Amino acid sequence: MEACGTAHYWGRFAQALGHRVTLLHARYVRPYRRRNKTDRNDCDAILEAARCKGIHPVPVKTHEQQQLQQLHGLRETWKKSRTQRINLLRGIFREMGIEAPAATAAFLRAAHELVERPEVAALRGQLHIVLAEINLYEQCMVECEQQLQRWHADDAIVRKLDEVSGIGVLTASALKTAVGQPERFANGRQLSAWLGMTPREFSSGDRRKLGHISLQGNTYVRTLLIHGARAALLAAQRCQANTPERLTRLQRWAAETAARIGHNKAAVALANKLVRICWAVWCHERRFSGDWQSKLPA
């Protein structure tokens, strides 16, 4: 089957009846479809794509994996709705000539006082409703995070991933849920490429060109990893400025990379390295160490 909506449910249903299920990514099935899109042509395309050994099937997710993914999706939806309400208030205050703080936390602290200004007296009741919605979304996000922490309190894998710099419980649980079985990746680079963290290549003959990262795979997990890498990079730069003798090999590499190619590119490069570290910690079952060095030759 194609890995589309409800495919994982029907995959588990067929597996319970004793069938061997193969899910194929719709993007890889589409080139095999000839002429118009019909059920017959789609079936032929799936059969042709299944014969190609270079196309890796999508693992059937368990019921628990899907529940965790949906919980992350709910939190992300509430976060976007909260951001929309905050931007709505900013726009209204700006149109009325009211200056508001730039930082989100400072804006929310000052919003209750700004709503009482005489310039927005006609809209005060509606603005209080918007503030109540923001508080509701924040409470829902906190409850989601608390539920994730309760679910993964006894999970050894999540605890090990949580020890990696820039990886918290939220990122660790999202990565574990999305990957499922890390053994299907031969090394950390394959996992990084699967998440879209490796450079996009345009090569022909003896000419090789590497562009920006490919941006393939799970956008949500990749976003969490890059945000976590930004925090780890800032911590490394603060440590370099205040206590350089306490820098680990990973922090020293991150700080030197940021000085060479810039902060944003260094954050993405650090996220790429963190994905590979997570794969090694996960597959080899060892604790994270910022000073760890491979004994194999480079």
# chains A, B, ... in the order shown; residues from 1 in each chain; ligands from 1
>>> residues_around(residues="Leu88 (chain A)", least_positions_apart="6", cutoff="12 Å", atoms="only C-alpha atoms", output="PyMOL selection string")
chain A and resi 81-82+94-95+111+126-127+130-131+133-134
>>> residues_around(residues="region 218-231 of chain A", least_positions_apart="6", cutoff="12 Å", atoms="only C-alpha atoms", output="number ranges by chain")
A: 69-70, 72-73, 75-77, 161-162, 164-179, 191-198, 237-238, 250-251, 254-255, 258, 262-276, 278
>>> select_by_dssp(residues="region 30-146 of chain A", states="helix (DSSP H, G or I)", output="ChimeraX atom specification")
/A:30-32,39-51,63-95,104-115,118-146
>>> closest_residue(among="A:Leu74, A:Glu119, A:Gln67, A:Leu233", to="Ile92 (chain A)", atoms="only C-alpha atoms")
A:Glu119
>>> residues_around(residues="Met141 (chain A)", least_positions_apart="4", cutoff="7 Å", atoms="only C-alpha atoms", output="ChimeraX atom specification")
/A:75,78,137,145
>>> atom_distance(atom1="CA of His212 (chain A)", atom2="CA of Trp292 (chain A)")
28.1 Å
>>> atom_distance(atom1="CA of Ala16 (chain A)", atom2="CA of Glu183 (chain A)")
23.4 Å
>>> residues_around(residues="region 44-54 of chain A", least_positions_apart="6", cutoff="10 Å", atoms="only C-alpha atoms", output="PyMOL selection string")
chain A and resi 1-2+22-26+28-34+38
>>> residues_around(residues="region 89-91 of chain A", least_positions_apart="5", cutoff="12 Å", atoms="only C-alpha atoms", output="ChimeraX atom specification")
/A:82-84,96-104,107-108,110-112,114-115,120,123-124,126-131,133-134
>>> closest_residue(among="A:Gln216, A:Gln139, A:Ser289, A:Thr248", to="Lys79 (chain A)", atoms="only C-alpha atoms")
A:Gln139
>>> decode(residues="region 37-180 of chain A", atoms="C-alpha atoms", output="PDB file, in the first residue's frame")
ATOM      1  CA  LYS A  37      -4.649   8.525 -12.235  1.00  0.00           C
ATOM      2  CA  THR A  38      -7.046   5.604 -11.832  1.00  0.00           C
ATOM      3  CA  ASP A  39      -7.291   2.776  -9.322  1.00  0.00           C
ATOM      4  CA  ARG A  40      -5.936   0.355 -11.898  1.00  0.00           C
ATOM      5  CA  ASN A  41      -2.972   2.549 -12.808  1.00  0.00           C
ATOM      6  CA  ASP A  42      -2.256   3.225  -9.120  1.00  0.00           C
ATOM      7  CA  CYS A  43      -2.247  -0.507  -8.409  1.00  0.00           C
ATOM      8  CA  ASP A  44       0.155  -1.141 -11.293  1.00  0.00           C
ATOM      9  CA  ALA A  45       2.417   1.669 -10.065  1.00  0.00           C
ATOM     10  CA  ILE A  46       2.535   0.251  -6.528  1.00  0.00           C
ATOM     11  CA  LEU A  47       3.418  -3.195  -7.867  1.00  0.00           C
ATOM     12  CA  GLU A  48       6.174  -1.787 -10.076  1.00  0.00           C
ATOM     13  CA  ALA A  49       7.600   0.303  -7.235  1.00  0.00           C
ATOM     14  CA  ALA A  50       7.528  -2.703  -4.868  1.00  0.00           C
ATOM     15  CA  ARG A  51       9.779  -4.598  -7.301  1.00  0.00           C
ATOM     16  CA  CYS A  52      12.467  -1.919  -7.068  1.00  0.00           C
ATOM     17  CA  LYS A  53      14.980  -2.945  -4.403  1.00  0.00           C
ATOM     18  CA  GLY A  54      16.295   0.590  -4.071  1.00  0.00           C
ATOM     19  CA  ILE A  55      13.016   1.864  -2.604  1.00  0.00           C
ATOM     20  CA  HIS A  56      12.931   1.301   1.141  1.00  0.00           C
ATOM     21  CA  PRO A  57       9.474   0.580   2.611  1.00  0.00           C
ATOM     22  CA  VAL A  58       7.957   2.673   5.383  1.00  0.00           C
ATOM     23  CA  PRO A  59       7.777   0.757   8.697  1.00  0.00           C
ATOM     24  CA  VAL A  60       4.252   0.237  10.017  1.00  0.00           C
ATOM     25  CA  LYS A  61       3.855   2.402  13.101  1.00  0.00           C
ATOM     26  CA  THR A  62       2.462   0.966  16.306  1.00  0.00           C
ATOM     27  CA  HIS A  63      -0.620   2.350  18.011  1.00  0.00           C
ATOM     28  CA  GLU A  64       1.566   3.918  20.721  1.00  0.00           C
ATOM     29  CA  GLN A  65       3.779   5.623  18.145  1.00  0.00           C
ATOM     30  CA  GLN A  66       0.783   7.187  16.452  1.00  0.00           C
ATOM     31  CA  GLN A  67      -0.645   8.374  19.748  1.00  0.00           C
ATOM     32  CA  LEU A  68       2.627  10.074  20.649  1.00  0.00           C
ATOM     33  CA  GLN A  69       2.850  11.691  17.225  1.00  0.00           C
ATOM     34  CA  GLN A  70      -0.694  12.971  17.544  1.00  0.00           C
ATOM     35  CA  LEU A  71       0.113  14.399  20.984  1.00  0.00           C
ATOM     36  CA  HIS A  72       3.073  16.266  19.486  1.00  0.00           C
ATOM     37  CA  GLY A  73       0.808  17.417  16.659  1.00  0.00           C
ATOM     38  CA  LEU A  74      -1.777  18.757  19.107  1.00  0.00           C
ATOM     39  CA  ARG A  75       0.875  20.696  20.987  1.00  0.00           C
ATOM     40  CA  GLU A  76       2.212  22.175  17.733  1.00  0.00           C
ATOM     41  CA  THR A  77      -1.314  23.164  16.649  1.00  0.00           C
ATOM     42  CA  TRP A  78      -1.963  24.906  19.958  1.00  0.00           C
ATOM     43  CA  LYS A  79       1.395  26.679  19.701  1.00  0.00           C
ATOM     44  CA  LYS A  80       0.535  28.000  16.236  1.00  0.00           C
ATOM     45  CA  SER A  81      -2.901  29.139  17.426  1.00  0.00           C
ATOM     46  CA  ARG A  82      -1.293  30.898  20.387  1.00  0.00           C
ATOM     47  CA  THR A  83       1.155  32.669  18.059  1.00  0.00           C
ATOM     48  CA  GLN A  84      -1.724  33.756  15.815  1.00  0.00           C
ATOM     49  CA  ARG A  85      -3.576  35.296  18.760  1.00  0.00           C
ATOM     50  CA  ILE A  86      -0.447  37.103  19.955  1.00  0.00           C
ATOM     51  CA  ASN A  87       0.178  38.534  16.480  1.00  0.00           C
ATOM     52  CA  LEU A  88      -3.476  39.571  16.308  1.00  0.00           C
ATOM     53  CA  LEU A  89      -3.124  41.569  19.526  1.00  0.00           C
ATOM     54  CA  ARG A  90       0.130  43.102  18.329  1.00  0.00           C
ATOM     55  CA  GLY A  91      -1.508  44.244  15.109  1.00  0.00           C
ATOM     56  CA  ILE A  92      -4.481  45.773  16.919  1.00  0.00           C
ATOM     57  CA  PHE A  93      -2.267  47.636  19.402  1.00  0.00           C
ATOM     58  CA  ARG A  94      -0.006  48.837  16.608  1.00  0.00           C
ATOM     59  CA  GLU A  95      -2.948  50.207  14.609  1.00  0.00           C
ATOM     60  CA  MET A  96      -4.088  52.109  17.695  1.00  0.00           C
ATOM     61  CA  GLY A  97      -0.639  53.609  18.209  1.00  0.00           C
ATOM     62  CA  ILE A  98       0.067  51.604  21.366  1.00  0.00           C
ATOM     63  CA  GLU A  99       3.662  50.508  21.799  1.00  0.00           C
ATOM     64  CA  ALA A 100       4.040  46.920  23.039  1.00  0.00           C
ATOM     65  CA  PRO A 101       7.157  44.981  24.154  1.00  0.00           C
ATOM     66  CA  ALA A 102       8.905  42.952  21.467  1.00  0.00           C
ATOM     67  CA  ALA A 103       9.569  39.831  23.541  1.00  0.00           C
ATOM     68  CA  THR A 104       6.655  37.401  23.778  1.00  0.00           C
ATOM     69  CA  ALA A 105       6.875  36.879  27.540  1.00  0.00           C
ATOM     70  CA  ALA A 106       7.088  40.630  28.207  1.00  0.00           C
ATOM     71  CA  PHE A 107       4.228  41.277  25.794  1.00  0.00           C
ATOM     72  CA  LEU A 108       1.943  38.796  27.554  1.00  0.00           C
ATOM     73  CA  ARG A 109       2.761  40.328  30.947  1.00  0.00           C
ATOM     74  CA  ALA A 110       1.927  43.809  29.654  1.00  0.00           C
ATOM     75  CA  ALA A 111      -1.083  42.785  27.520  1.00  0.00           C
ATOM     76  CA  HIS A 112      -3.594  42.925  30.411  1.00  0.00           C
ATOM     77  CA  GLU A 113      -2.601  46.530  31.132  1.00  0.00           C
ATOM     78  CA  LEU A 114      -2.597  47.494  27.450  1.00  0.00           C
ATOM     79  CA  VAL A 115      -6.142  46.176  27.001  1.00  0.00           C
ATOM     80  CA  GLU A 116      -7.326  48.662  29.635  1.00  0.00           C
ATOM     81  CA  ARG A 117      -6.015  51.634  27.640  1.00  0.00           C
ATOM     82  CA  PRO A 118      -8.725  54.089  26.504  1.00  0.00           C
ATOM     83  CA  GLU A 119      -7.687  53.734  22.854  1.00  0.00           C
ATOM     84  CA  VAL A 120      -9.168  50.217  22.706  1.00  0.00           C
ATOM     85  CA  ALA A 121     -12.192  50.780  24.925  1.00  0.00           C
ATOM     86  CA  ALA A 122     -14.645  49.685  22.207  1.00  0.00           C
ATOM     87  CA  LEU A 123     -12.770  46.403  21.695  1.00  0.00           C
ATOM     88  CA  ARG A 124     -11.989  45.639  25.333  1.00  0.00           C
ATOM     89  CA  GLY A 125     -14.460  42.762  25.694  1.00  0.00           C
ATOM     90  CA  GLN A 126     -13.255  41.015  22.553  1.00  0.00           C
ATOM     91  CA  LEU A 127      -9.578  41.530  23.474  1.00  0.00           C
ATOM     92  CA  HIS A 128     -10.177  39.877  26.847  1.00  0.00           C
ATOM     93  CA  ILE A 129     -11.540  36.863  24.943  1.00  0.00           C
ATOM     94  CA  VAL A 130      -8.326  36.747  22.875  1.00  0.00           C
ATOM     95  CA  LEU A 131      -6.243  36.881  26.070  1.00  0.00           C
ATOM     96  CA  ALA A 132      -8.320  34.042  27.534  1.00  0.00           C
ATOM     97  CA  GLU A 133      -7.665  31.981  24.392  1.00  0.00           C
ATOM     98  CA  ILE A 134      -3.916  32.597  24.720  1.00  0.00           C
ATOM     99  CA  ASN A 135      -3.979  31.436  28.345  1.00  0.00           C
ATOM    100  CA  LEU A 136      -5.995  28.358  27.347  1.00  0.00           C
ATOM    101  CA  TYR A 137      -3.510  27.403  24.617  1.00  0.00           C
ATOM    102  CA  GLU A 138      -0.588  27.880  27.009  1.00  0.00           C
ATOM    103  CA  GLN A 139      -2.268  25.633  29.574  1.00  0.00           C
ATOM    104  CA  CYS A 140      -2.913  22.963  26.919  1.00  0.00           C
ATOM    105  CA  MET A 141       0.739  23.058  25.829  1.00  0.00           C
ATOM    106  CA  VAL A 142       1.926  22.667  29.431  1.00  0.00           C
ATOM    107  CA  GLU A 143      -0.401  19.706  29.966  1.00  0.00           C
ATOM    108  CA  CYS A 144       0.919  18.064  26.769  1.00  0.00           C
ATOM    109  CA  GLU A 145       4.515  18.450  27.938  1.00  0.00           C
ATOM    110  CA  GLN A 146       3.647  17.055  31.366  1.00  0.00           C
ATOM    111  CA  GLN A 147       1.920  14.064  29.783  1.00  0.00           C
ATOM    112  CA  LEU A 148       4.980  13.402  27.598  1.00  0.00           C
ATOM    113  CA  GLN A 149       7.213  13.513  30.670  1.00  0.00           C
ATOM    114  CA  ARG A 150       4.952  11.054  32.497  1.00  0.00           C
ATOM    115  CA  TRP A 151       4.868   8.688  29.515  1.00  0.00           C
ATOM    116  CA  HIS A 152       8.653   8.689  29.164  1.00  0.00           C
ATOM    117  CA  ALA A 153       9.615   8.753  32.846  1.00  0.00           C
ATOM    118  CA  ASP A 154      10.634   5.080  32.712  1.00  0.00           C
ATOM    119  CA  ASP A 155      11.817   5.014  29.085  1.00  0.00           C
ATOM    120  CA  ALA A 156      15.558   4.237  29.052  1.00  0.00           C
ATOM    121  CA  ILE A 157      15.998   5.348  25.424  1.00  0.00           C
ATOM    122  CA  VAL A 158      14.431   8.758  25.972  1.00  0.00           C
ATOM    123  CA  ARG A 159      16.532   9.279  29.116  1.00  0.00           C
ATOM    124  CA  LYS A 160      19.733   8.514  27.184  1.00  0.00           C
ATOM    125  CA  LEU A 161      18.776  10.838  24.328  1.00  0.00           C
ATOM    126  CA  ASP A 162      17.817  13.526  26.852  1.00  0.00           C
ATOM    127  CA  GLU A 163      21.432  13.596  28.070  1.00  0.00           C
ATOM    128  CA  VAL A 164      22.690  14.785  24.663  1.00  0.00           C
ATOM    129  CA  SER A 165      23.389  18.528  24.482  1.00  0.00           C
ATOM    130  CA  GLY A 166      20.477  20.389  22.913  1.00  0.00           C
ATOM    131  CA  ILE A 167      18.132  17.375  23.153  1.00  0.00           C
ATOM    132  CA  GLY A 168      15.327  17.607  25.710  1.00  0.00           C
ATOM    133  CA  VAL A 169      12.437  15.325  26.536  1.00  0.00           C
ATOM    134  CA  LEU A 170      10.306  16.889  23.798  1.00  0.00           C
ATOM    135  CA  THR A 171      12.906  16.336  21.053  1.00  0.00           C
ATOM    136  CA  ALA A 172      13.920  12.919  22.391  1.00  0.00           C
ATOM    137  CA  SER A 173      10.355  11.615  22.439  1.00  0.00           C
ATOM    138  CA  ALA A 174       9.606  13.039  18.972  1.00  0.00           C
ATOM    139  CA  LEU A 175      12.792  11.495  17.544  1.00  0.00           C
ATOM    140  CA  LYS A 176      12.127   8.099  19.143  1.00  0.00           C
ATOM    141  CA  THR A 177       8.538   8.095  17.876  1.00  0.00           C
ATOM    142  CA  ALA A 178       9.483   9.115  14.322  1.00  0.00           C
ATOM    143  CA  VAL A 179      12.433   6.716  13.941  1.00  0.00           C
ATOM    144  CA  GLY A 180      10.990   3.678  15.685  1.00  0.00           C
TER     145      GLY A 180
END
